[in-house]
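Engineer: Quick one: this structure, given as structure tokens, is what I'll be asking you about.
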Amino acid sequence: MLGIKNAIDIHVHSSPSIFPRSVDDFELAEQALAAGMRAIVLKAHEESTVSRAKIVTKFVKGIEVYGSLVLNEYVGGLNPYAVDIAIQQGAKIIWMPTGSAKHHLDYYGGKSDYKEQKSTIRLLPQKGITIFGNDGQVLPVVYEIVDLIKGSDAVLATGHLSPLETKALVKIASERGLEKILVAHPDLKINKMDLSLQLELVKMGAFVEKSMLTLMPSWQSIQPDELIHGMKLLGFDRCVLQTDFGQVNHPTPTEGYSQFIQLLFDHGLKEEEIKKMACDVPAELLSL
């Protein structure tokens, strides 16, 4: 079986969380370490994971654990103060809204969780965050957030914005000189994008996530051959493998990553092509 030595999962979930998770932060790090992985980035829809990552790093040696921030309502939405503090404390990725995004809420009928995955606690109703103002133009605060990220070593990730919002955001970020732009799981049904749009975003300078979650039964939105076709079209040097795992009804994230790599290998990808997406590109994004 093809191993995951030196692989990096830049998009993974663990507890504590508002959703039931298969592993906690420490279990995730320990399992990734045992599998020989190089690094993981913790993601939580409700809070910054920077402090959590620092605590885990103190006790689990031999693997790099980083935090990120999702700009949902729980941290003030499109909040430059939260962004500034997070990147100064070492956040590796700043995500645009996920469960608080207007596009997410519209997709799930006004719910900020998922029909596939329910929150374990009550969530207040949300109006939905969009990067567009009433005039259809991108909000000034978005430019402020982009500039804060540009001045750091962090990655700007698109979250659960609509394809139209994603295109506008990538265009602005690219024009303002931001080199680390990540399009979040564009094959997932929440914000599914045509390959033509994904290619357009790559040509603007973005990297694109390719996710194991998109192949899982209750979340499936693409077939393996179609996913691999997209990787080849976009270029292995612009694609990033991730699991987006942590859900209790799936394998643990480390197991899922191993299964993902093996699946790609069994479907004809070469070992060096997989390593490019699993090791080299995420290491570039995280400046490792």
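Here's how to read the names in the structure tokens: chain A, B, ... by the order shown, residue numbers from 1 in each chain, ligand numbers from 1 in the order shown.
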Write out as a VMD selection string which residues come within 9 Å of range 32-46 of chain A when counting only C-alpha atoms, dropping same-chain ones fewer than 4 positions away.
Structural biologist: chain A and resid 3 to 18 25 27 to 28 50 52 to 53 60 to 75 92 to 93 97 to 100 244 253 to 255 258 279 283
Engineer: Excluding range 184-200 of chain A and any residue of its chain fewer than 3 positions from it, enumerate the residues within 6 Å of it, using only C-alpha atoms, and give them as a list in words.
Structural biologist: Thr158, Gly159, Ser162, Lys203, Glu209, Lys210, Thr214, Ser221 and Leu234 of chain A
Engineer: DSSP on the backbone, strand (DSSP E or B) only: what residues of range 15-204 of chain A does that give? Format it as a PDB file with N, CA and C atoms, in the first residue's frame.
Structural biologist:
ATOM      1  N   SER A  15     -11.980  17.436  17.459  1.00  0.00           N
ATOM      2  CA  SER A  15     -12.689  18.039  18.595  1.00  0.00           C
ATOM      3  C   SER A  15     -11.671  18.684  19.546  1.00  0.00           C
ATOM      4  N   ARG A  21     -16.955  14.657  16.318  1.00  0.00           N
ATOM      5  CA  ARG A  21     -15.719  14.364  15.591  1.00  0.00           C
ATOM      6  C   ARG A  21     -15.175  12.986  15.971  1.00  0.00           C
ATOM      7  N   ASP A  24      -9.900  13.795  18.706  1.00  0.00           N
ATOM      8  CA  ASP A  24      -9.622  15.122  19.243  1.00  0.00           C
ATOM      9  C   ASP A  24      -8.283  15.603  18.691  1.00  0.00           C
ATOM     10  N   ALA A  39       2.789  17.312   8.441  1.00  0.00           N
ATOM     11  CA  ALA A  39       2.077  18.421   9.073  1.00  0.00           C
ATOM     12  C   ALA A  39       0.579  18.278   8.877  1.00  0.00           C
ATOM     13  N   ILE A  40      -0.177  18.958   9.747  1.00  0.00           N
ATOM     14  CA  ILE A  40      -1.628  19.068   9.614  1.00  0.00           C
ATOM     15  C   ILE A  40      -2.030  20.492   9.976  1.00  0.00           C
ATOM     16  N   VAL A  41      -3.141  20.934   9.414  1.00  0.00           N
ATOM     17  CA  VAL A  41      -3.711  22.235   9.763  1.00  0.00           C
ATOM     18  C   VAL A  41      -5.110  22.006  10.317  1.00  0.00           C
ATOM     19  N   LEU A  42      -5.310  22.388  11.568  1.00  0.00           N
ATOM     20  CA  LEU A  42      -6.604  22.220  12.221  1.00  0.00           C
ATOM     21  C   LEU A  42      -7.585  23.279  11.726  1.00  0.00           C
ATOM     22  N   GLU A  64       4.374  18.766  12.605  1.00  0.00           N
ATOM     23  CA  GLU A  64       4.010  20.175  12.683  1.00  0.00           C
ATOM     24  C   GLU A  64       2.495  20.306  12.676  1.00  0.00           C
ATOM     25  N   VAL A  65       1.973  21.013  13.674  1.00  0.00           N
ATOM     26  CA  VAL A  65       0.525  21.224  13.807  1.00  0.00           C
ATOM     27  C   VAL A  65       0.262  22.722  13.772  1.00  0.00           C
ATOM     28  N   TYR A  66      -0.575  23.140  12.846  1.00  0.00           N
ATOM     29  CA  TYR A  66      -0.849  24.566  12.672  1.00  0.00           C
ATOM     30  C   TYR A  66      -2.331  24.859  12.826  1.00  0.00           C
ATOM     31  N   SER A  68      -5.763  27.657  12.079  1.00  0.00           N
ATOM     32  CA  SER A  68      -6.370  28.480  11.039  1.00  0.00           C
ATOM     33  C   SER A  68      -7.567  29.216  11.631  1.00  0.00           C
ATOM     34  N   LEU A  69      -8.150  30.076  10.832  1.00  0.00           N
ATOM     35  CA  LEU A  69      -9.306  30.863  11.275  1.00  0.00           C
ATOM     36  C   LEU A  69     -10.341  30.883  10.170  1.00  0.00           C
ATOM     37  N   VAL A  70     -11.604  30.599  10.540  1.00  0.00           N
ATOM     38  CA  VAL A  70     -12.724  30.672   9.605  1.00  0.00           C
ATOM     39  C   VAL A  70     -13.565  31.897   9.963  1.00  0.00           C
ATOM     40  N   ILE A  93      -3.799  29.552   7.668  1.00  0.00           N
ATOM     41  CA  ILE A  93      -4.852  29.744   6.676  1.00  0.00           C
ATOM     42  C   ILE A  93      -5.961  30.610   7.269  1.00  0.00           C
ATOM     43  N   ILE A  94      -6.413  31.581   6.505  1.00  0.00           N
ATOM     44  CA  ILE A  94      -7.602  32.364   6.842  1.00  0.00           C
ATOM     45  C   ILE A  94      -8.676  31.986   5.836  1.00  0.00           C
ATOM     46  N   TRP A  95      -9.740  31.373   6.351  1.00  0.00           N
ATOM     47  CA  TRP A  95     -10.825  30.916   5.491  1.00  0.00           C
ATOM     48  C   TRP A  95     -11.942  31.957   5.457  1.00  0.00           C
ATOM     49  N   ALA A 101     -21.747  31.574   5.563  1.00  0.00           N
ATOM     50  CA  ALA A 101     -21.819  32.164   4.222  1.00  0.00           C
ATOM     51  C   ALA A 101     -23.263  32.134   3.717  1.00  0.00           C
ATOM     52  N   ILE A 129     -23.471  35.690   5.332  1.00  0.00           N
ATOM     53  CA  ILE A 129     -22.420  36.647   4.972  1.00  0.00           C
ATOM     54  C   ILE A 129     -22.105  36.507   3.484  1.00  0.00           C
ATOM     55  N   PHE A 132     -20.263  40.637  -1.188  1.00  0.00           N
ATOM     56  CA  PHE A 132     -20.809  41.702  -2.018  1.00  0.00           C
ATOM     57  C   PHE A 132     -21.684  42.652  -1.206  1.00  0.00           C
ATOM     58  N   VAL A 138     -17.634  44.305  -4.375  1.00  0.00           N
ATOM     59  CA  VAL A 138     -16.992  43.655  -3.233  1.00  0.00           C
ATOM     60  C   VAL A 138     -16.820  44.669  -2.107  1.00  0.00           C
ATOM     61  N   VAL A 155      -2.264  31.870   4.140  1.00  0.00           N
ATOM     62  CA  VAL A 155      -2.996  31.554   2.914  1.00  0.00           C
ATOM     63  C   VAL A 155      -4.408  32.113   3.031  1.00  0.00           C
ATOM     64  N   LEU A 156      -4.913  32.700   1.954  1.00  0.00           N
ATOM     65  CA  LEU A 156      -6.325  33.081   1.867  1.00  0.00           C
ATOM     66  C   LEU A 156      -7.082  31.938   1.221  1.00  0.00           C
ATOM     67  N   ALA A 157      -8.075  31.388   1.921  1.00  0.00           N
ATOM     68  CA  ALA A 157      -8.887  30.298   1.376  1.00  0.00           C
ATOM     69  C   ALA A 157     -10.336  30.757   1.231  1.00  0.00           C
ATOM     70  N   ILE A 181      -3.330  31.762  -2.576  1.00  0.00           N
ATOM     71  CA  ILE A 181      -4.794  31.771  -2.668  1.00  0.00           C
ATOM     72  C   ILE A 181      -5.248  30.336  -2.873  1.00  0.00           C
ATOM     73  N   LEU A 182      -6.163  29.883  -2.032  1.00  0.00           N
ATOM     74  CA  LEU A 182      -6.597  28.487  -2.066  1.00  0.00           C
ATOM     75  C   LEU A 182      -8.111  28.418  -2.289  1.00  0.00           C
ATOM     76  N   VAL A 183      -8.522  27.722  -3.341  1.00  0.00           N
ATOM     77  CA  VAL A 183      -9.937  27.514  -3.623  1.00  0.00           C
ATOM     78  C   VAL A 183     -10.394  26.267  -2.876  1.00  0.00           C
TER      79      VAL A 183
END
